[in-house]
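This is data-v9.pdb. It holds PDB, C-alpha atoms.
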```pdb
MODEL        1
ATOM      1  CA  MET A 650      -4.666  17.723  13.207
ATOM      2  CA  ALA A 651      -4.695  19.024  16.735
ATOM      3  CA  CYS A 652      -3.611  15.668  18.139
ATOM      4  CA  TRP A 653       0.070  16.399  17.768
ATOM      5  CA  ALA A 654       2.160  19.521  17.882
ATOM      6  CA  THR A 655       5.261  20.339  15.903
ATOM      7  CA  GLY A 656       8.682  21.034  17.297
ATOM      8  CA  LEU A 657       8.315  19.814  20.858
ATOM      9  CA  GLN A 658      11.483  18.516  22.477
ATOM     10  CA  LEU A 659      10.399  15.432  24.418
ATOM     11  CA  ALA A 660      12.195  12.654  26.219
ATOM     12  CA  ALA A 661      11.604   9.485  24.215
ATOM     13  CA  TRP A 662      11.552   6.825  26.871
ATOM     14  CA  GLY A 663       7.949   5.638  26.615
ATOM     15  CA  ILE A 664       8.969   3.266  23.902
ATOM     16  CA  PRO A 665       9.018  -0.460  23.144
ATOM     17  CA  GLY A 666      11.285  -2.347  25.489
ATOM     18  CA  GLN A 667      10.171  -0.455  28.583
ATOM     19  CA  SER A 668       7.819  -1.685  31.307
ATOM     20  CA  PRO A 669       4.124  -0.747  31.161
ATOM     21  CA  ASP A 670       4.629   1.456  34.247
ATOM     22  CA  GLN A 671       7.511   3.343  32.583
ATOM     23  CA  VAL A 672       5.481   3.831  29.417
ATOM     24  CA  ALA A 673       2.402   4.934  31.386
ATOM     25  CA  ALA A 674       4.543   7.569  33.149
ATOM     26  CA  TRP A 675       5.921   8.752  29.792
ATOM     27  CA  VAL A 676       2.398   8.956  28.309
ATOM     28  CA  ARG A 677       1.198  10.901  31.366
ATOM     29  CA  ASP A 678       4.018  13.455  30.955
ATOM     30  CA  ASN A 679       3.854  13.669  27.150
ATOM     31  CA  PRO A 680       2.373  17.055  26.133
ATOM     32  CA  VAL A 681       1.699  15.818  22.603
ATOM     33  CA  LEU A 682      -0.385  12.814  23.696
ATOM     34  CA  ARG A 683      -2.143  14.848  26.410
ATOM     35  CA  PRO A 684      -3.763  11.939  28.234
ATOM     36  CA  ARG A 685      -7.036  12.554  29.975
ATOM     37  CA  PRO A 686      -7.703  11.299  33.494
ATOM     38  CA  GLY A 687      -7.804   7.511  33.403
ATOM     39  CA  GLU A 688      -5.899   7.185  30.111
ATOM     40  CA  THR A 689      -2.617   5.361  30.513
ATOM     41  CA  LEU A 690      -1.514   3.118  27.631
ATOM     42  CA  ASN A 691      -4.430   3.913  25.323
ATOM     43  CA  ILE A 692      -5.250   7.454  24.149
ATOM     44  CA  ASN A 693      -8.306   8.233  22.010
ATOM     45  CA  ARG A 694      -9.074  11.632  20.515
ATOM     46  CA  VAL A 695     -11.842  12.920  18.304
ATOM     47  CA  GLU A 696     -11.449  16.471  17.051
ATOM     48  CA  PRO A 697     -14.291  18.860  16.083
ATOM     49  CA  ASP A 698     -13.417  18.481  12.371
ATOM     50  CA  GLY A 699     -14.011  14.713  12.598
ATOM     51  CA  SER A 700     -10.329  13.803  12.794
ATOM     52  CA  ARG A 701      -9.545  10.837  15.015
ATOM     53  CA  PHE A 702      -6.305   9.752  16.653
ATOM     54  CA  THR A 703      -5.429   6.786  18.852
ATOM     55  CA  PHE A 704      -2.210   5.796  20.564
ATOM     56  CA  LEU A 705      -1.843   2.303  22.000
ATOM     57  CA  ALA A 706       1.173   0.910  23.834
ATOM     58  CA  SER A 707       0.873  -2.869  23.941
ATOM     59  CA  VAL A 708       2.614  -5.898  25.382
ATOM     60  CA  ALA A 709       1.676  -7.644  22.121
ATOM     61  CA  PRO A 710       4.127  -7.492  19.217
ATOM     62  CA  PRO A 711       3.139  -5.660  16.018
ATOM     63  CA  GLY A 712       0.891  -7.360  13.479
ATOM     64  CA  ARG A 713      -1.441 -10.216  14.284
ATOM     65  CA  ILE A 714      -2.020 -10.607  17.955
ATOM     66  CA  ILE A 715      -0.206 -13.469  19.614
ATOM     67  CA  ASN A 716      -0.069 -14.357  23.267
ATOM     68  CA  PRO A 717       2.889 -12.371  24.623
ATOM     69  CA  LEU A 718       5.609 -14.241  26.472
ATOM     70  CA  ASP A 719       5.239 -11.859  29.370
ATOM     71  CA  ARG A 720       3.186  -8.819  30.206
ATOM     72  CA  GLU A 721       6.090  -6.899  31.696
ATOM     73  CA  THR A 722       7.412  -5.338  28.490
ATOM     74  CA  ILE A 723       5.805  -3.035  25.940
ATOM     75  CA  ARG A 724       6.536  -4.616  22.542
ATOM     76  CA  SER A 725       4.852  -2.213  20.169
ATOM     77  CA  GLU A 726       3.223   1.169  20.046
ATOM     78  CA  ARG A 727       0.654   2.002  17.415
ATOM     79  CA  MET A 728      -0.864   5.289  16.345
ATOM     80  CA  THR A 729      -3.912   5.360  14.075
ATOM     81  CA  PHE A 730      -5.219   8.400  12.248
ATOM     82  CA  PHE A 731      -8.347   9.423  10.388
ATOM     83  CA  ARG A 732      -8.332  12.882   8.841
ATOM     84  CA  PRO A 733     -11.319  13.930   6.659
ATOM     85  CA  GLN A 734      -9.265  16.589   4.840
ATOM     86  CA  GLY A 735      -6.610  14.028   3.851
ATOM     87  CA  LEU A 736      -3.500  12.362   5.225
ATOM     88  CA  THR A 737      -0.028  11.985   3.743
ATOM     89  CA  ALA A 738       3.019   9.861   4.468
ATOM     90  CA  GLU A 739       4.774  13.004   5.700
ATOM     91  CA  ASP A 740       1.967  13.481   8.258
ATOM     92  CA  LEU A 741       2.777  10.025   9.647
ATOM     93  CA  PHE A 742       6.519  10.753   9.748
ATOM     94  CA  GLN A 743       5.849  14.057  11.506
ATOM     95  CA  ALA A 744       3.599  12.373  14.075
ATOM     96  CA  ILE A 745       6.468  10.043  15.044
ATOM     97  CA  ARG A 746       8.844  13.004  15.333
ATOM     98  CA  ASP A 747       6.384  14.978  17.438
ATOM     99  CA  VAL A 748       5.380  12.195  19.826
ATOM    100  CA  TYR A 749       8.818  10.660  20.361
ATOM    101  CA  GLY A 750      11.077  13.699  20.197
ATOM    102  CA  PRO A 751      14.448  14.462  18.616
ATOM    103  CA  GLU A 752      16.321  11.234  19.439
ATOM    104  CA  ILE A 753      13.749   8.997  17.772
ATOM    105  CA  ALA A 754      13.235  11.560  14.979
ATOM    106  CA  ALA A 755      16.952  11.263  14.177
ATOM    107  CA  ASP A 756      16.684   7.456  14.195
ATOM    108  CA  LEU A 757      13.679   7.626  11.873
ATOM    109  CA  ASP A 758      15.397  10.070   9.521
ATOM    110  CA  GLN A 759      18.373   7.719   9.015
ATOM    111  CA  ALA A 760      16.260   4.519   8.914
ATOM    112  CA  VAL A 761      16.617   2.263   5.874
ATOM    113  CA  GLU A 762      13.638   0.978   3.921
ATOM    114  CA  VAL A 763      13.380  -2.804   4.233
ATOM    115  CA  ILE A 764       9.854  -3.509   2.943
ATOM    116  CA  ARG A 765       7.458  -1.676   0.634
ATOM    117  CA  TYR A 766       3.993  -2.921  -0.290
ATOM    118  CA  PRO A 767       2.411  -3.509  -2.581
ATOM    119  CA  SER A 768       5.344  -3.879  -4.907
ATOM    120  CA  PRO A 769       5.686  -1.310  -7.712
ATOM    121  CA  GLU A 770       5.012  -4.113 -10.215
ATOM    122  CA  ALA A 771       1.705  -4.960  -8.528
ATOM    123  CA  LEU A 772       0.656  -1.307  -8.595
ATOM    124  CA  ALA A 773       1.612  -0.900 -12.241
ATOM    125  CA  GLY A 774      -0.271  -4.021 -13.328
ATOM    126  CA  SER A 775      -3.464  -3.263 -11.432
ATOM    127  CA  PRO A 776      -6.613  -2.706 -13.492
ATOM    128  CA  GLY A 777      -8.362  -0.703 -10.753
ATOM    129  CA  TYR A 778      -9.133  -0.319  -7.084
ATOM    130  CA  THR A 779      -8.726  -3.333  -4.834
ATOM    131  CA  LEU A 780      -8.362  -3.263  -1.083
ATOM    132  CA  ALA A 781      -5.036  -5.115  -1.321
ATOM    133  CA  LEU A 782      -3.634  -2.353  -3.532
ATOM    134  CA  ALA A 783      -5.382   0.469  -1.654
ATOM    135  CA  ILE A 784      -3.312  -0.266   1.442
ATOM    136  CA  GLN A 785       0.217   0.957   0.868
ATOM    137  CA  GLY A 786       2.981   0.727   3.395
ATOM    138  CA  VAL A 787       6.648   0.905   4.132
ATOM    139  CA  VAL A 788       8.773  -0.620   6.886
ATOM    140  CA  LEU A 789      11.956   1.205   7.860
ATOM    141  CA  ARG A 790      14.726  -0.147  10.090
ATOM    142  CA  GLY A 791      16.554   2.354  12.248
ATOM    143  CA  ASN A 792      19.371   1.755  14.700
ATOM    144  CA  GLN A 793      16.977   1.862  17.653
ATOM    145  CA  PHE A 794      13.591   0.804  16.286
ATOM    146  CA  VAL A 795      11.609  -0.362  13.300
ATOM    147  CA  TYR A 796       8.946   1.990  11.917
ATOM    148  CA  TRP A 797       5.987   0.607   9.976
ATOM    149  CA  LEU A 798       3.833   3.213   8.221
ATOM    150  CA  GLU A 799       0.667   2.439   6.306
ATOM    151  CA  LEU A 800      -1.865   4.555   4.397
ATOM    152  CA  THR A 801      -5.247   3.397   3.062
ATOM    153  CA  GLN A 802      -6.705   4.930  -0.075
ATOM    154  CA  ASN A 803     -10.478   5.232  -0.492
ATOM    155  CA  PRO A 804     -12.112   4.019  -3.721
ATOM    156  CA  ASP A 805     -12.381   7.686  -4.785
ATOM    157  CA  GLY A 806      -8.596   8.071  -4.510
ATOM    158  CA  ARG A 807      -8.504  10.086  -1.274
ATOM    159  CA  VAL A 808      -6.275   8.999   1.608
ATOM    160  CA  GLN A 809      -7.845   9.691   4.988
ATOM    161  CA  GLN A 810      -6.618   6.773   7.113
ATOM    162  CA  GLY A 811      -3.179   5.760   8.294
ATOM    163  CA  GLN A 812      -1.308   3.808  10.931
ATOM    164  CA  VAL A 813       2.171   3.803  12.430
ATOM    165  CA  TRP A 814       3.810   1.086  14.512
ATOM    166  CA  VAL A 815       7.072   1.507  16.404
ATOM    167  CA  PHE A 816       8.706  -1.714  17.574
ATOM    168  CA  GLN A 817      11.980  -3.497  18.273
ATOM    169  CA  GLU A 818      13.854  -5.212  15.425
ATOM    170  CA  GLU A 819      13.313  -8.703  16.851
ATOM    171  CA  TRP A 820       9.721  -8.531  15.546
ATOM    172  CA  LEU A 821      10.669  -7.599  11.967
ATOM    173  CA  PRO A 822      10.588 -11.229  10.638
ATOM    174  CA  LYS A 823       7.073 -11.681  12.101
ATOM    175  CA  VAL A 824       5.845  -8.503  10.418
ATOM    176  CA  GLU A 825       7.510  -9.403   7.103
ATOM    177  CA  GLY A 826       5.943 -12.878   7.116
ATOM    178  CA  GLU A 827       2.474 -11.533   7.840
ATOM    179  CA  LEU A 828       2.751  -8.826   5.181
ATOM    180  CA  ALA A 829       3.984 -11.371   2.607
ATOM    181  CA  GLU A 830       0.777 -13.369   3.172
ATOM    182  CA  ARG A 831      -1.375 -10.297   2.429
ATOM    183  CA  PHE A 832       0.457  -8.212  -0.167
ATOM    184  CA  PRO A 833       2.909  -8.406  -3.058
ATOM    185  CA  LEU A 834       6.015  -7.093  -1.278
ATOM    186  CA  GLN A 835       9.193  -5.471  -2.377
ATOM    187  CA  VAL A 836      11.766  -6.589   0.183
ATOM    188  CA  MET A 837      14.963  -4.608   0.171
ATOM    189  CA  THR A 838      18.395  -6.091   0.813
ATOM    190  CA  ARG A 839      19.051  -6.243   4.525
TER     191      ARG A 839
ENDMDL
END
```
Kindly present the structure from the file in structure tokens form.
Amino acid sequence: MACWATGLQLAAWGIPGQSPDQVAAWVRDNPVLRPRPGETLNINRVEPDGSRFTFLASVAPPGRIINPLDRETIRSERMTFFRPQGLTAEDLFQAIRDVYGPEIAADLDQAVEVIRYPSPEALAGSPGYTLALAIQGVVLRGNQFVYWLELTQNPDGRVQQGQVWVFQEEWLPKVEGELAERFPLQVMTR
């Protein structure tokens, strides 16, 4: 997908915990996100092959929207992908590395899996396609951030859609609670 490049060495300071102005400056200077005039915290791209990419830096925490305590801090950043030719978990990992640069890539690479859904037991016992089992995700806790990656399988077995959230650890219990309401989870020892 032409929305991200490989191997760029970027400063990774447009990340959760920063002010919207700091993140907007980081987005503006980020050669991978390549904002167009007028794009600040929300980037939307459609490629000629039908691929789509969005990046959204938000004052809202990850998961269900709640009224943020203040609007002075970015709490989560989300990237969404649609790729007609297919999407893999490694594509999502690489997108994080490319957008955030080597410091966050190193944090991601050493991150520990804390949640996987649906649980392997739920997948093994499934008689066929259901939306709850078609959405598969993993939540990884790094030293700096939490990374939530999710892929959605089509009824024909192809995976063309995915999402990534990057957020601070304080929001991990919220995400875990919301996921537990929707999916059979496998929660790892913390």
* Taking into account all atoms listed in the file, which residue in the set A:Pro710, A:Gly750, A:Gly735, A:Pro669 is nearest to Gln817 (chain A)? ->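 The answer is A:Pro710, which sits nearest to Gln817 (chain A).
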Report task. Could you tell me which residues the PyMOL selection byres ((chain A and resi 816) around 8) returns for this structure, as a PyMOL selection string? Result -> chain A and resi 665+710-711+724-726+794-796+814-815+817-818+820
* Asked: Could you work out how far CA of Glu830 (chain A) lies from CA of Ala706 (chain A), giving the answer in Å with one decimal?
  ->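 Atom-to-atom, CA of Ala706 (chain A) to CA of Glu830 (chain A), that is 25.1 Å.
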Quick one: residues within 7 Å of Gln667 (chain A), only C-alpha atoms, excluding same-chain residues fewer than 5 positions away - as JSON, numbers by chain? {"A": [672, 722, 723]}
What does the structure give for the distance between CA of Asp756 (chain A) and CA of Gly791 (chain A), in Å to one decimal?
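We find that CA of Asp756 (chain A) and CA of Gly791 (chain A) lie 5.5 Å from each other.
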### Task
Name the residues that the PyMOL selection byres ((chain A and resi 761) around 7) picks from the file above, as a ChimeraX atom specification, using the file's chain letters and numbers.
/A:759-760,762-763,789-791
Selection under test: the PyMOL selection byres ((chain A and resi 720) around 9); residues as a CSV table (one decimal) with C-alpha atoms, keeping the file's coordinate frame:
```
chain,number,residue,atom,x,y,z
A,668,SER,CA,7.8,-1.7,31.3
A,669,PRO,CA,4.1,-0.7,31.2
A,707,SER,CA,0.9,-2.9,23.9
A,708,VAL,CA,2.6,-5.9,25.4
A,709,ALA,CA,1.7,-7.6,22.1
A,717,PRO,CA,2.9,-12.4,24.6
A,718,LEU,CA,5.6,-14.2,26.5
A,719,ASP,CA,5.2,-11.9,29.4
A,721,GLU,CA,6.1,-6.9,31.7
A,722,THR,CA,7.4,-5.3,28.5
A,723,ILE,CA,5.8,-3.0,25.9
```
* Of the candidates A:Ala829, A:Arg694, A:Gln785, A:Leu834, which shows the shortest atom-to-atom distance to Asn803 (chain A), using all atoms listed in the file? ->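 Checking each candidate against Asn803 (chain A), we get A:Gln785 as the closest.
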Computed gap from CA of Asp698 (chain A) to CA of Arg746 (chain A) is 23.1 Å
Margin query: Considering all atoms listed in the file, can you say which of A:Phe832, A:Asn693, A:Ile715, A:Gly806 comes closest to Arg765 (chain A)?
Written below: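 Smallest separation from Arg765 (chain A) among the options: A:Phe832.
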Which protein, DNA or RNA residues have an atom at most 7 Å from (0.1, -9.0, 13.0), counting only C-alpha atoms? List them as a CSV table (one decimal) with C-alpha atoms, in the frame of the given file.
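Just written: result00.csv:
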```csv
chain,number,residue,atom,x,y,z
A,711,PRO,CA,3.1,-5.7,16.0
A,712,GLY,CA,0.9,-7.4,13.5
A,713,ARG,CA,-1.4,-10.2,14.3
A,714,ILE,CA,-2.0,-10.6,18.0
A,824,VAL,CA,5.8,-8.5,10.4
A,827,GLU,CA,2.5,-11.5,7.8
```
* To do: Please provide the set of residues having any atom within 6 Å of Arg727 (chain A), restricted to all atoms listed in the file, with same-chain residues fewer than 2 positions apart removed, written as a ChimeraX atom specification.
  => /A:704-705,813-814
Next on the checklist: as an MDAnalysis selection string, please: the residues near Arg732 (chain A) (cut-off 10 Å, all atoms listed in the file, same-chain neighbours under 4 positions excluded).
Outcome noted: chainID A and resid 650 696 698:702 736:737 808:811
Which residue out of A:Leu690, A:Val681, A:Val788, A:Leu800 has the minimum interatomic distance to Asp740 (chain A) when only C-alpha atoms are used?
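Using only C-alpha atoms, the shortest distance to Asp740 (chain A) belongs to A:Leu800.
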Using all atoms listed in the file, the residue out of A:Glu770, A:Glu739, A:Glu752, A:Asp670 with shortest distance to Gln835 (chain A) is A:Glu770
